[in-house]
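Undergrad: Got a structure for you, coords.cif, holding mmCIF, C-alpha atoms.
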data_protein
#
loop_
_atom_site.label_atom_id
_atom_site.label_comp_id
_atom_site.auth_asym_id
_atom_site.auth_seq_id
_atom_site.Cartn_x
_atom_site.Cartn_y
_atom_site.Cartn_z
CA MET A 1 90.87 -77.39 79.80
CA ALA A 2 92.11 -80.31 77.73
CA CYS A 3 94.85 -79.43 75.23
CA ALA A 4 95.85 -75.94 76.44
CA VAL A 5 97.21 -74.98 73.01
CA GLY A 6 94.05 -73.90 71.19
CA ALA A 7 93.51 -77.16 69.33
CA CYS A 8 90.61 -78.92 71.06
CA ARG A 9 88.29 -75.89 71.50
CA GLY A 10 87.26 -77.29 74.86
CA CYS A 11 87.55 -74.08 76.94
CA PRO A 12 85.31 -71.58 75.16
CA VAL A 13 84.40 -68.25 76.74
CA PRO A 14 80.93 -67.01 75.74
CA LEU A 15 80.88 -63.36 74.68
CA LEU A 16 78.02 -60.85 74.69
CA SER A 17 76.48 -59.97 71.35
CA GLY A 18 77.01 -56.47 70.00
CA SER A 19 79.25 -53.63 71.22
CA ASP A 20 82.76 -54.98 71.50
CA GLY A 21 81.60 -58.51 72.15
CA ASP A 22 80.79 -61.11 69.53
CA GLY A 23 78.02 -63.48 70.54
CA GLY A 24 78.86 -65.77 67.64
CA ARG A 25 82.42 -66.43 68.70
CA TYR A 26 83.95 -68.43 71.51
CA PRO A 27 87.55 -67.44 72.23
CA ALA A 28 89.55 -70.25 73.78
CA MET A 29 90.52 -69.43 77.35
CA CYS A 30 93.81 -71.28 76.96
CA ILE A 31 95.27 -69.09 74.24
CA GLU A 32 93.17 -65.91 74.30
CA GLY A 33 92.97 -65.81 78.10
CA PRO A 34 93.29 -66.26 80.97
CA VAL A 35 92.86 -62.47 81.31
CA MET A 36 89.94 -61.19 79.26
CA ASP A 37 87.92 -57.99 78.99
CA ALA A 38 85.23 -58.56 81.62
CA THR A 39 82.81 -56.17 79.94
CA ILE A 40 82.38 -58.34 76.85
CA VAL A 41 82.12 -61.72 78.61
CA ASP A 42 78.61 -63.15 78.79
CA TRP A 43 78.72 -64.05 82.47
CA GLU A 44 75.27 -65.65 82.36
CA ARG A 45 76.48 -68.27 79.92
CA LEU A 46 79.87 -68.79 81.51
CA PRO A 47 79.95 -72.12 83.37
CA MET B 1 118.25 -113.72 64.84
CA THR B 2 117.19 -110.10 64.63
CA VAL B 3 115.54 -108.47 61.67
CA ALA B 4 117.63 -105.59 60.38
CA SER B 5 115.02 -102.88 60.31
CA PRO B 6 111.37 -103.74 59.93
CA SER B 7 109.43 -101.72 57.40
CA LEU B 8 106.80 -99.58 59.06
CA ALA B 9 105.13 -98.32 55.89
CA VAL B 10 101.46 -99.12 55.34
CA ARG B 11 98.97 -98.31 52.63
CA ILE B 12 95.48 -96.86 52.93
CA GLY B 13 94.14 -97.16 49.41
CA SER B 14 96.54 -95.18 47.24
CA LEU B 15 97.96 -93.35 50.26
CA SER B 16 101.29 -94.60 51.53
CA LEU B 17 102.08 -93.77 55.15
CA ARG B 18 105.64 -93.88 56.43
CA ASN B 19 104.33 -95.53 59.56
CA PRO B 20 100.89 -96.49 60.88
CA VAL B 21 100.55 -93.81 63.57
CA LEU B 22 98.17 -90.92 63.00
CA VAL B 23 96.68 -88.29 65.29
CA ALA B 24 92.89 -88.35 65.33
CA SER B 25 90.53 -85.63 64.20
CA GLY B 26 89.60 -82.96 66.72
CA ILE B 27 92.77 -83.52 68.71
CA ILE B 28 95.55 -81.63 66.96
CA GLY B 29 93.61 -78.85 65.23
CA TYR B 30 95.28 -78.30 61.86
CA GLY B 31 98.73 -79.37 63.01
CA SER B 32 100.33 -76.02 63.75
CA GLU B 33 98.74 -75.77 67.19
CA TYR B 34 101.03 -78.58 68.31
CA GLU B 35 104.09 -77.73 66.24
CA ARG B 36 106.30 -77.19 69.28
CA LEU B 37 105.09 -80.33 71.02
CA VAL B 38 104.78 -83.03 68.34
CA ASP B 39 107.45 -83.78 65.74
CA LEU B 40 105.17 -84.48 62.81
CA SER B 41 108.08 -85.68 60.69
CA GLN B 42 108.23 -88.78 62.87
CA ILE B 43 104.61 -89.90 62.58
CA GLY B 44 102.46 -91.12 59.72
CA GLY B 45 100.14 -88.17 59.57
CA ILE B 46 97.35 -86.18 61.12
CA VAL B 47 93.63 -86.00 60.64
CA THR B 48 92.44 -82.40 60.75
CA LYS B 49 89.66 -80.98 62.85
CA THR B 50 86.49 -81.67 60.92
CA VAL B 51 85.60 -79.07 58.32
CA THR B 52 81.92 -78.33 57.76
CA ARG B 53 80.33 -76.56 54.80
CA HIS B 54 79.68 -73.40 56.80
CA ALA B 55 81.57 -72.00 59.79
CA ARG B 56 80.43 -73.27 63.17
CA ALA B 57 80.86 -71.46 66.49
CA GLY B 58 80.61 -74.73 68.36
CA ASN B 59 78.44 -75.78 71.28
CA PRO B 60 77.70 -73.79 74.44
CA PRO B 61 80.05 -74.48 77.37
CA PRO B 62 80.94 -76.54 79.27
CA ARG B 63 82.26 -78.65 76.40
CA VAL B 64 84.62 -80.95 78.22
CA VAL B 65 84.40 -82.91 81.45
CA GLU B 66 86.74 -85.47 82.93
CA THR B 67 85.22 -88.83 83.88
CA PRO B 68 86.81 -91.95 85.38
CA ALA B 69 89.58 -93.01 82.97
CA GLY B 70 88.01 -90.91 80.26
CA MET B 71 86.82 -87.62 78.93
CA LEU B 72 83.45 -86.46 77.70
CA ASN B 73 83.32 -83.77 75.09
CA SER B 74 80.75 -81.83 73.18
CA ILE B 75 82.74 -79.36 71.13
CA GLY B 76 80.24 -79.18 68.28
CA ILE B 77 82.81 -79.02 65.47
CA GLU B 78 83.89 -75.42 65.95
CA ASN B 79 85.61 -74.69 62.63
CA PRO B 80 85.93 -71.94 60.02
CA GLY B 81 83.83 -73.69 57.37
CA LEU B 82 84.97 -74.70 53.90
CA GLU B 83 85.86 -71.22 52.65
CA GLY B 84 87.69 -70.39 55.89
CA PHE B 85 89.49 -73.71 55.72
CA LEU B 86 90.67 -73.08 52.17
CA GLU B 87 91.84 -69.57 52.98
CA LEU B 88 93.27 -69.96 56.49
CA LYS B 89 94.13 -73.60 57.07
CA VAL B 90 95.29 -74.96 53.71
CA PRO B 91 98.45 -72.77 53.69
CA ILE B 92 99.31 -74.13 57.16
CA LEU B 93 98.65 -77.73 56.19
CA ARG B 94 100.86 -77.42 53.10
CA GLN B 95 103.87 -76.92 55.38
CA LEU B 96 103.35 -80.05 57.45
CA PRO B 97 105.97 -82.81 57.08
CA CYS B 98 103.47 -85.66 57.25
CA ALA B 99 100.38 -87.00 55.51
CA VAL B 100 97.37 -84.74 55.87
CA ILE B 101 93.97 -86.38 56.07
CA VAL B 102 91.19 -83.81 56.01
CA SER B 103 88.05 -84.63 57.95
CA VAL B 104 84.75 -83.36 56.56
CA GLU B 105 81.16 -83.48 57.69
CA GLY B 106 78.07 -82.24 55.86
CA GLU B 107 74.57 -81.71 57.18
CA ASP B 108 73.20 -83.34 54.04
CA VAL B 109 74.47 -85.16 50.97
CA ARG B 110 74.86 -81.95 48.98
CA GLU B 111 77.13 -80.46 51.64
CA PHE B 112 79.22 -83.63 51.76
CA CYS B 113 79.66 -83.32 47.98
CA GLU B 114 80.68 -79.66 48.14
CA LEU B 115 83.14 -80.40 50.91
CA VAL B 116 84.75 -83.31 49.09
CA GLU B 117 85.07 -81.26 45.91
CA GLY B 118 86.47 -78.26 47.77
CA VAL B 119 88.96 -80.22 49.85
CA SER B 120 89.98 -82.36 46.90
CA GLY B 121 90.47 -79.27 44.74
CA SER B 122 92.70 -77.63 47.35
CA GLY B 123 95.39 -80.19 46.62
CA VAL B 124 96.43 -80.26 50.28
CA ALA B 125 94.75 -83.50 51.32
CA HIS B 126 96.35 -86.91 50.98
CA ALA B 127 93.03 -88.49 51.90
CA ILE B 128 89.61 -87.47 53.15
CA GLU B 129 88.06 -88.83 56.33
CA VAL B 130 84.31 -88.71 55.96
CA ASN B 131 82.99 -87.95 59.42
CA ILE B 132 79.54 -89.49 59.41
CA SER B 133 79.73 -90.15 63.12
CA CYS B 134 80.01 -87.01 65.24
CA PRO B 135 77.60 -87.31 68.18
CA ASN B 136 77.63 -83.59 68.95
CA VAL B 137 76.03 -81.84 66.00
CA GLY B 138 72.47 -83.07 66.31
CA PRO B 139 70.01 -83.79 64.98
CA HIS B 140 72.09 -84.80 62.00
CA GLY B 141 75.24 -85.95 63.75
CA LEU B 142 74.73 -89.64 64.08
CA ARG B 143 72.26 -89.96 61.26
CA TYR B 144 74.51 -91.08 58.44
CA SER B 145 76.51 -93.68 60.29
CA THR B 146 73.73 -95.30 62.27
CA ASP B 147 71.86 -96.39 59.17
CA ALA B 148 73.51 -98.45 56.43
CA ASP B 149 71.29 -97.00 53.71
CA MET B 150 72.14 -93.44 54.67
CA ALA B 151 75.84 -94.26 54.85
CA ARG B 152 75.52 -95.69 51.32
CA GLU B 153 73.78 -92.52 50.18
CA VAL B 154 76.67 -90.33 51.29
CA MET B 155 79.49 -92.58 50.11
CA SER B 156 77.91 -93.20 46.69
CA ALA B 157 77.41 -89.49 46.13
CA ILE B 158 80.96 -88.44 46.99
CA ARG B 159 82.88 -91.38 45.50
CA PRO B 160 82.81 -90.08 41.89
CA LEU B 161 83.95 -86.61 42.98
CA THR B 162 87.52 -87.39 43.99
CA THR B 163 90.38 -89.76 43.34
CA LEU B 164 91.66 -89.27 46.90
CA PRO B 165 91.28 -92.17 49.30
CA LEU B 166 87.99 -91.89 51.18
CA ILE B 167 87.97 -93.07 54.77
CA ALA B 168 84.56 -93.49 56.38
CA LYS B 169 84.68 -92.72 60.09
CA LEU B 170 82.20 -94.82 61.99
CA THR B 171 80.34 -94.48 65.25
CA PRO B 172 80.28 -97.33 67.74
CA ASN B 173 76.77 -96.30 68.82
CA VAL B 174 75.06 -98.91 66.66
CA THR B 175 73.85 -102.45 67.01
CA ARG B 176 76.02 -103.94 64.26
CA ILE B 177 78.91 -101.73 63.23
CA ALA B 178 80.11 -104.34 60.73
CA ASP B 179 76.97 -103.71 58.65
CA ILE B 180 77.74 -100.00 58.38
CA ALA B 181 81.38 -100.71 57.54
CA ALA B 182 80.37 -103.16 54.82
CA ALA B 183 77.91 -100.64 53.39
CA CYS B 184 80.66 -98.01 53.14
CA GLU B 185 83.05 -100.50 51.59
CA GLY B 186 80.41 -101.45 49.05
CA CYS B 187 80.03 -97.83 47.98
CA GLY B 188 83.68 -97.14 47.36
CA ALA B 189 85.21 -96.32 50.72
CA ASP B 190 88.94 -97.06 50.55
CA ALA B 191 89.09 -97.58 54.29
CA VAL B 192 87.05 -97.25 57.45
CA SER B 193 88.17 -95.62 60.69
CA LEU B 194 86.71 -96.40 64.08
CA VAL B 195 85.68 -95.78 66.72
CA ASN B 196 84.34 -92.28 67.15
CA THR B 197 83.24 -91.54 70.72
CA PHE B 198 80.62 -93.40 72.68
CA VAL B 199 77.62 -91.29 73.66
CA GLY B 200 77.75 -90.55 77.36
CA MET B 201 76.75 -88.02 79.98
CA ALA B 202 77.87 -86.62 83.30
CA VAL B 203 75.57 -85.40 86.03
CA ASP B 204 76.18 -83.01 88.91
CA SER B 205 73.93 -84.31 91.67
CA GLY B 206 74.59 -81.18 93.74
CA THR B 207 73.06 -78.83 91.18
CA ARG B 208 70.85 -81.54 89.61
CA LYS B 209 72.16 -80.42 86.27
CA PRO B 210 73.96 -82.14 83.44
CA ILE B 211 77.57 -81.00 83.31
CA LEU B 212 77.92 -80.66 79.54
CA GLY B 213 76.22 -77.72 77.86
CA THR B 214 74.52 -80.11 75.45
CA VAL B 215 73.61 -82.63 78.20
CA VAL B 216 75.18 -85.59 76.37
CA GLY B 217 78.52 -85.84 74.62
CA GLY B 218 81.11 -88.28 73.39
CA LEU B 219 83.24 -90.44 75.69
CA SER B 220 86.89 -91.06 74.84
CA GLY B 221 90.07 -92.02 76.64
CA PRO B 222 91.34 -95.27 78.15
CA ALA B 223 87.86 -96.09 79.49
CA ILE B 224 86.74 -97.01 75.98
CA LYS B 225 89.75 -99.00 74.78
CA PRO B 226 88.29 -102.48 75.40
CA LEU B 227 85.04 -101.41 73.70
CA ALA B 228 86.96 -99.98 70.76
CA LEU B 229 89.13 -103.07 70.35
CA ALA B 230 86.03 -105.24 70.10
CA LYS B 231 84.48 -102.97 67.46
CA VAL B 232 87.67 -102.89 65.41
CA TRP B 233 87.95 -106.66 65.67
CA GLU B 234 84.35 -107.06 64.53
CA VAL B 235 84.80 -104.75 61.54
CA ALA B 236 88.14 -106.24 60.53
CA GLN B 237 86.38 -109.60 60.16
CA ALA B 238 83.71 -108.07 57.95
CA VAL B 239 85.54 -105.91 55.38
CA ASP B 240 88.50 -106.25 53.07
CA VAL B 241 89.48 -102.57 53.00
CA PRO B 242 91.98 -101.29 55.57
CA VAL B 243 90.65 -100.52 59.04
CA ILE B 244 92.08 -97.57 60.95
CA GLY B 245 91.67 -98.32 64.62
CA MET B 246 91.35 -95.93 67.52
CA GLY B 247 89.74 -95.48 70.89
CA GLY B 248 91.62 -94.88 74.12
CA ILE B 249 95.18 -95.43 72.97
CA THR B 250 97.10 -94.18 75.99
CA HIS B 251 100.17 -96.41 76.25
CA PRO B 252 102.34 -97.32 73.24
CA ARG B 253 101.38 -100.98 73.76
CA ASP B 254 97.77 -100.03 73.06
CA ALA B 255 98.75 -99.24 69.47
CA ILE B 256 100.10 -102.77 69.07
CA GLU B 257 96.81 -104.19 70.34
CA PHE B 258 94.87 -102.27 67.71
CA LEU B 259 97.20 -103.58 64.97
CA LEU B 260 96.79 -107.15 66.18
CA VAL B 261 92.99 -107.01 66.08
CA GLY B 262 93.13 -105.88 62.47
CA SER B 263 94.04 -102.19 62.19
CA THR B 264 96.27 -101.18 59.30
CA ALA B 265 96.90 -97.86 61.02
CA VAL B 266 95.99 -96.35 64.37
CA GLN B 267 94.96 -92.93 65.57
CA VAL B 268 96.00 -91.40 68.86
CA GLY B 269 93.33 -89.18 70.38
CA THR B 270 92.56 -87.91 73.85
CA ALA B 271 95.86 -89.08 75.38
CA LEU B 272 97.74 -86.55 73.25
CA PHE B 273 96.43 -83.83 75.57
CA SER B 274 98.35 -85.20 78.53
CA ASN B 275 101.21 -86.77 76.58
CA PRO B 276 102.15 -85.11 73.30
CA GLU B 277 105.04 -87.56 72.95
CA LEU B 278 102.69 -90.52 72.68
CA PRO B 279 102.42 -90.72 68.87
CA GLU B 280 106.21 -90.91 68.52
CA ALA B 281 106.38 -93.40 71.36
CA CYS B 282 103.83 -95.55 69.53
CA VAL B 283 106.01 -95.54 66.40
CA LYS B 284 109.03 -96.63 68.44
CA GLU B 285 107.03 -99.33 70.20
CA ILE B 286 105.69 -100.71 66.93
CA GLU B 287 109.18 -100.86 65.48
CA ALA B 288 110.57 -102.55 68.59
CA TYR B 289 107.69 -105.03 68.65
CA ALA B 290 108.16 -105.92 64.98
CA ARG B 291 111.86 -106.41 65.64
CA ARG B 292 111.19 -108.69 68.60
CA ALA B 293 108.61 -110.61 66.56
CA GLU B 294 111.21 -110.96 63.79
CA VAL B 295 108.84 -109.87 61.08
CA PRO B 296 110.09 -107.89 58.08
CA SER B 297 107.14 -105.52 58.00
CA VAL B 298 104.52 -104.07 60.26
CA ALA B 299 102.05 -105.46 57.73
CA ASP B 300 102.78 -108.87 59.23
CA LEU B 301 101.30 -107.72 62.53
CA ILE B 302 97.99 -106.48 61.12
CA GLY B 303 95.27 -108.84 62.27
CA ALA B 304 97.91 -111.21 63.64
CA LEU B 305 95.93 -111.89 66.80
CA ASP B 306 96.34 -115.52 67.70
CA VAL B 307 92.79 -116.72 68.31
CA PRO B 308 92.66 -120.34 69.44
CA ALA B 309 90.64 -122.40 66.95
CA GLU B 310 88.11 -123.54 69.52
CA ARG B 311 87.26 -119.92 70.20
CA GLY B 312 86.81 -119.07 66.55
CA MET B 313 83.12 -119.82 66.68
CA ILE B 314 82.42 -117.19 69.28
CA ARG B 315 84.58 -114.37 68.01
CA ALA B 316 82.94 -111.00 67.57
CA GLY B 317 81.32 -110.43 64.22
CA ARG B 318 80.69 -114.09 63.59
CA ILE B 319 78.04 -114.65 66.19
CA VAL B 320 75.05 -116.30 64.58
#
Let me see the structure of the file written as structure tokens.
TA:
Amino acid sequence: MACAVGACRGCPVPLLSGSDGDGGRYPAMCIEGPVMDATIVDWERLP
Amino acid sequence: MTVASPSLAVRIGSLSLRNPVLVASGIIGYGSEYERLVDLSQIGGIVTKTVTRHARAGNPPPRVVETPAGMLNSIGIENPGLEGFLELKVPILRQLPCAVIVSVEGEDVREFCELVEGVSGSGVAHAIEVNISCPNVGPHGLRYSTDADMAREVMSAIRPLTTLPLIAKLTPNVTRIADIAAACEGCGADAVSLVNTFVGMAVDSGTRKPILGTVVGGLSGPAIKPLALAKVWEVAQAVDVPVIGMGGITHPRDAIEFLLVGSTAVQVGTALFSNPELPEACVKEIEAYARRAEVPSVADLIGALDVPAERGMIRAGRIV
């Protein structure tokens, strides 16, 4: 995590496509996390 | 004798900055992200996150990795696209108490044109930084600023579309950066800004995998400052338009160094993440330095590097 305020977009969380997830969007862990809905996170693509 | 109060104002084409300290593109979002951490009324201005013609989700993670004295990134210009920018970001930018330079990048000449027209028409920009140098949006990313003819193609196409100052942002990943700078100047760029990041990579020997999601990314931070100074020095010898220098400014003194090698203004980048007070500290340092040097204006420091005559023959940019 670099900026920690949502500016640098360096801490993206990959989401699953469909259902409640949105495969085309990367929420920033720093401002939309650190607690996230585990069922919509694409764990395979998470570093 | 002490000079009363040195003038810190500088000009980039028709844009007048209250002082020469800017925050670089991709660092401060669209300003509001850092509103509680950076007093924008004390600095010259900000350069926005680059806006592309269409929204971009950005690159797959990991996008950032720390390296010795530096940082590698491969964000991939995550941004809401031109329409999203006009709707969501312009109202925010209008409130900012500093100059707003909007960074744009197109995948082709037509997109560059649409972006320049759109941003210019919004009325929010004091200048446009033409990002022809992002290393992370291949295969187009480095295309326009690694080839003088392609840089000319973009700059010539967009120049008639706006009266705003156009700042061409250059990559250091070329053999002769001065050639690219001169090409942009020749096609109507009001200024050039440099350097963008150096292409680099990080490897995890344990997993035998590259660390960045896109394998390679752009290196920034104090590790690149000496490289950046040399590029700025080379370009400042080659063009008459203002040069905006950046690359690894981490201590306020670094900003002075970039002025001395020929920068009319400087941009603070990566170091803002660990020290949001740095831009203001740079302004204070520049003022104090000008006072100590007993010069009436910061303009007297631009390119004021004292190069001994016998070394003039070997200075960067003049090697034959």
Undergrad: Against chain A, which residues of chain B fall within 10 Å? For each one I want the closest pair of atoms and the distance in Å (one decimal), counting only C-alpha atoms, rows by chain and increasing residue number, as CSV.
TA:
residue,atom,partner,partner_atom,distance
B:Ser25,CA,A:Cys8,CA,9.6
B:Gly26,CA,A:Cys8,CA,6.0
B:Ile27,CA,A:Cys8,CA,5.6
B:Ile28,CA,A:Ala7,CA,5.5
B:Gly29,CA,A:Ala7,CA,4.4
B:Tyr30,CA,A:Ala7,CA,7.8
B:Gly31,CA,A:Ala7,CA,8.5
B:Ser32,CA,A:Ala7,CA,8.9
B:Glu33,CA,A:Ala7,CA,5.8
B:Tyr34,CA,A:Val5,CA,7.0
B:Leu37,CA,A:Val5,CA,9.7
B:Lys49,CA,A:Ala7,CA,8.5
B:Arg56,CA,A:Gly24,CA,8.9
B:Ala57,CA,A:Arg25,CA,5.7
B:Gly58,CA,A:Tyr26,CA,7.8
B:Asn59,CA,A:Pro12,CA,8.9
B:Pro60,CA,A:Pro14,CA,7.6
B:Pro61,CA,A:Pro12,CA,6.4
B:Pro62,CA,A:Pro47,CA,6.1
B:Arg63,CA,A:Gly10,CA,5.4
B:Val64,CA,A:Gly10,CA,5.6
B:Val65,CA,A:Met1,CA,8.7
B:Glu66,CA,A:Ala2,CA,9.1
B:Met71,CA,A:Ala2,CA,9.1
B:Asn73,CA,A:Gly10,CA,7.6
B:Ser74,CA,A:Gly10,CA,8.1
B:Ile75,CA,A:Gly10,CA,6.2
B:Gly76,CA,A:Arg9,CA,9.3
B:Ile77,CA,A:Arg9,CA,8.7
B:Glu78,CA,A:Arg9,CA,7.1
B:Asn79,CA,A:Arg9,CA,9.3
B:Ile211,CA,A:Pro47,CA,9.2
B:Leu212,CA,A:Pro47,CA,9.6
B:Gly213,CA,A:Pro47,CA,8.7
B:Thr270,CA,A:Ala2,CA,8.5
B:Ala271,CA,A:Cys3,CA,9.7
B:Leu272,CA,A:Cys3,CA,7.9
B:Phe273,CA,A:Cys3,CA,4.7
B:Ser274,CA,A:Cys3,CA,7.5
B:Asn275,CA,A:Cys3,CA,9.8
B:Pro276,CA,A:Cys3,CA,9.4
Undergrad: So that I can check the surroundings of stretch 164-178 of chain B, please list as a list of chain:residue names every protein, DNA and RNA residue that reaches within 6 Å of it, counting only C-alpha atoms and ignoring chain neighbours fewer than 5 positions away.
TA: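 Contacts, in chain order: B:Gly13, B:Ala127, B:Ile128, B:Glu129, B:Val130, B:Asn131, B:Ser133, B:Thr146, B:Ala189, B:Asp190, B:Ala191, B:Val192, B:Ser193, B:Leu194, B:Val195, B:Asn196, B:Val235, B:Ala238.
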Undergrad: Take every atom of stretch 129-134 of chain B listed in the file, fit an axis-aligned box around them, add 8 Å per side, and give the centre and edge lengths in Å to one decimal as lines of an AutoDock Vina configuration file.
TA:
center_x = 83.8
center_y = -88.6
center_z = 60.6
size_x = 24.5
size_y = 19.1
size_z = 25.3
Undergrad: Applied to the shown file, which residues does the PyMOL selection byres ((chain B and resi 253) around 10) return, written as a list in words?
TA: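 Going through the file, the PyMOL selection byres ((chain B and resi 253) around 10) ends up selecting Ile249, Thr250, His251, Pro252, Asp254, Ala255, Ile256, Glu257, Phe258, Ala281, Cys282, Glu285, Ile286 and Tyr289 of chain B.
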Undergrad: Can you work out the spacing between atom CA of B:Gly248 and atom CA of B:Ser220 in Å, to one decimal?
TA: 6.1 Å
Undergrad: Step by step, work through what the PyMOL selection byres ((chain B and resi 84-98) around 12) selects in the shown file, and finish by giving those residues as JSON, numbers by chain.
TA: {"B": [15, 16, 17, 18, 19, 20, 21, 22, 23, 28, 29, 30, 31, 32, 33, 34, 35, 38, 39, 40, 41, 42, 43, 44, 45, 46, 47, 48, 49, 50, 51, 52, 53, 54, 55, 56, 78, 79, 80, 81, 82, 83, 99, 100, 101, 102, 103, 104, 115, 117, 118, 119, 120, 121, 122, 123, 124, 125, 126]}
Undergrad: With C-alpha atoms retained, could you export that selection as a PDB file, in the frame of the given file?
TA:
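part_16.pdb, written as the output of this step:
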ATOM      1  CA  LEU B  15      97.960 -93.350  50.260  1.00  0.00           C
ATOM      2  CA  SER B  16     101.290 -94.600  51.530  1.00  0.00           C
ATOM      3  CA  LEU B  17     102.080 -93.770  55.150  1.00  0.00           C
ATOM      4  CA  ARG B  18     105.640 -93.880  56.430  1.00  0.00           C
ATOM      5  CA  ASN B  19     104.330 -95.530  59.560  1.00  0.00           C
ATOM      6  CA  PRO B  20     100.890 -96.490  60.880  1.00  0.00           C
ATOM      7  CA  VAL B  21     100.550 -93.810  63.570  1.00  0.00           C
ATOM      8  CA  LEU B  22      98.170 -90.920  63.000  1.00  0.00           C
ATOM      9  CA  VAL B  23      96.680 -88.290  65.290  1.00  0.00           C
ATOM     10  CA  ILE B  28      95.550 -81.630  66.960  1.00  0.00           C
ATOM     11  CA  GLY B  29      93.610 -78.850  65.230  1.00  0.00           C
ATOM     12  CA  TYR B  30      95.280 -78.300  61.860  1.00  0.00           C
ATOM     13  CA  GLY B  31      98.730 -79.370  63.010  1.00  0.00           C
ATOM     14  CA  SER B  32     100.330 -76.020  63.750  1.00  0.00           C
ATOM     15  CA  GLU B  33      98.740 -75.770  67.190  1.00  0.00           C
ATOM     16  CA  TYR B  34     101.030 -78.580  68.310  1.00  0.00           C
ATOM     17  CA  GLU B  35     104.090 -77.730  66.240  1.00  0.00           C
ATOM     18  CA  VAL B  38     104.780 -83.030  68.340  1.00  0.00           C
ATOM     19  CA  ASP B  39     107.450 -83.780  65.740  1.00  0.00           C
ATOM     20  CA  LEU B  40     105.170 -84.480  62.810  1.00  0.00           C
ATOM     21  CA  SER B  41     108.080 -85.680  60.690  1.00  0.00           C
ATOM     22  CA  GLN B  42     108.230 -88.780  62.870  1.00  0.00           C
ATOM     23  CA  ILE B  43     104.610 -89.900  62.580  1.00  0.00           C
ATOM     24  CA  GLY B  44     102.460 -91.120  59.720  1.00  0.00           C
ATOM     25  CA  GLY B  45     100.140 -88.170  59.570  1.00  0.00           C
ATOM     26  CA  ILE B  46      97.350 -86.180  61.120  1.00  0.00           C
ATOM     27  CA  VAL B  47      93.630 -86.000  60.640  1.00  0.00           C
ATOM     28  CA  THR B  48      92.440 -82.400  60.750  1.00  0.00           C
ATOM     29  CA  LYS B  49      89.660 -80.980  62.850  1.00  0.00           C
ATOM     30  CA  THR B  50      86.490 -81.670  60.920  1.00  0.00           C
ATOM     31  CA  VAL B  51      85.600 -79.070  58.320  1.00  0.00           C
ATOM     32  CA  THR B  52      81.920 -78.330  57.760  1.00  0.00           C
ATOM     33  CA  ARG B  53      80.330 -76.560  54.800  1.00  0.00           C
ATOM     34  CA  HIS B  54      79.680 -73.400  56.800  1.00  0.00           C
ATOM     35  CA  ALA B  55      81.570 -72.000  59.790  1.00  0.00           C
ATOM     36  CA  ARG B  56      80.430 -73.270  63.170  1.00  0.00           C
ATOM     37  CA  GLU B  78      83.890 -75.420  65.950  1.00  0.00           C
ATOM     38  CA  ASN B  79      85.610 -74.690  62.630  1.00  0.00           C
ATOM     39  CA  PRO B  80      85.930 -71.940  60.020  1.00  0.00           C
ATOM     40  CA  GLY B  81      83.830 -73.690  57.370  1.00  0.00           C
ATOM     41  CA  LEU B  82      84.970 -74.700  53.900  1.00  0.00           C
ATOM     42  CA  GLU B  83      85.860 -71.220  52.650  1.00  0.00           C
ATOM     43  CA  ALA B  99     100.380 -87.000  55.510  1.00  0.00           C
ATOM     44  CA  VAL B 100      97.370 -84.740  55.870  1.00  0.00           C
ATOM     45  CA  ILE B 101      93.970 -86.380  56.070  1.00  0.00           C
ATOM     46  CA  VAL B 102      91.190 -83.810  56.010  1.00  0.00           C
ATOM     47  CA  SER B 103      88.050 -84.630  57.950  1.00  0.00           C
ATOM     48  CA  VAL B 104      84.750 -83.360  56.560  1.00  0.00           C
ATOM     49  CA  LEU B 115      83.140 -80.400  50.910  1.00  0.00           C
ATOM     50  CA  GLU B 117      85.070 -81.260  45.910  1.00  0.00           C
ATOM     51  CA  GLY B 118      86.470 -78.260  47.770  1.00  0.00           C
ATOM     52  CA  VAL B 119      88.960 -80.220  49.850  1.00  0.00           C
ATOM     53  CA  SER B 120      89.980 -82.360  46.900  1.00  0.00           C
ATOM     54  CA  GLY B 121      90.470 -79.270  44.740  1.00  0.00           C
ATOM     55  CA  SER B 122      92.700 -77.630  47.350  1.00  0.00           C
ATOM     56  CA  GLY B 123      95.390 -80.190  46.620  1.00  0.00           C
ATOM     57  CA  VAL B 124      96.430 -80.260  50.280  1.00  0.00           C
ATOM     58  CA  ALA B 125      94.750 -83.500  51.320  1.00  0.00           C
ATOM     59  CA  HIS B 126      96.350 -86.910  50.980  1.00  0.00           C
TER      60      HIS B 126
END
Undergrad: Here is a test: counting only C-alpha atoms, which residue of B:Leu229, B:Pro222, B:Asp179, B:Pro279 is nearest to B:Asp147?
TA: B:Asp179
Undergrad: Distance atom CA of B:Val261-atom CA of B:Asn136, one decimal place?
TA: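 That distance, rounded to one decimal, is 28.2 Å.
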Undergrad: Enter the distance from atom CA of B:Ala157 to atom CA of B:Ser145, in Å, rounded to one decimal.
TA: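 Going from atom CA of B:Ala157 over to atom CA of B:Ser145 covers 14.8 Å.
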Undergrad: Contacts of B:Ala69 at 7 Å or less, counting all atoms listed in the file, minus same-chain residues fewer than 2 places along, as a list in words?
TA: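 Within the cut-off, the hits are Thr67, Gly221, Pro222 and Ala223 of chain B.
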Undergrad: Going by the chain IDs and residue numbers used in this file, which residues fall under the PyMOL selection byres ((chain B and resi 7) around 9)? Write them as a list in words.
TA: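 After applying the PyMOL selection byres ((chain B and resi 7) around 9), what remains is Ser5, Pro6, Leu8, Ala9, Val10, Arg18, Asn19, Glu287, Ala290, Val295, Pro296, Ser297, Val298 and Ala299 of chain B.
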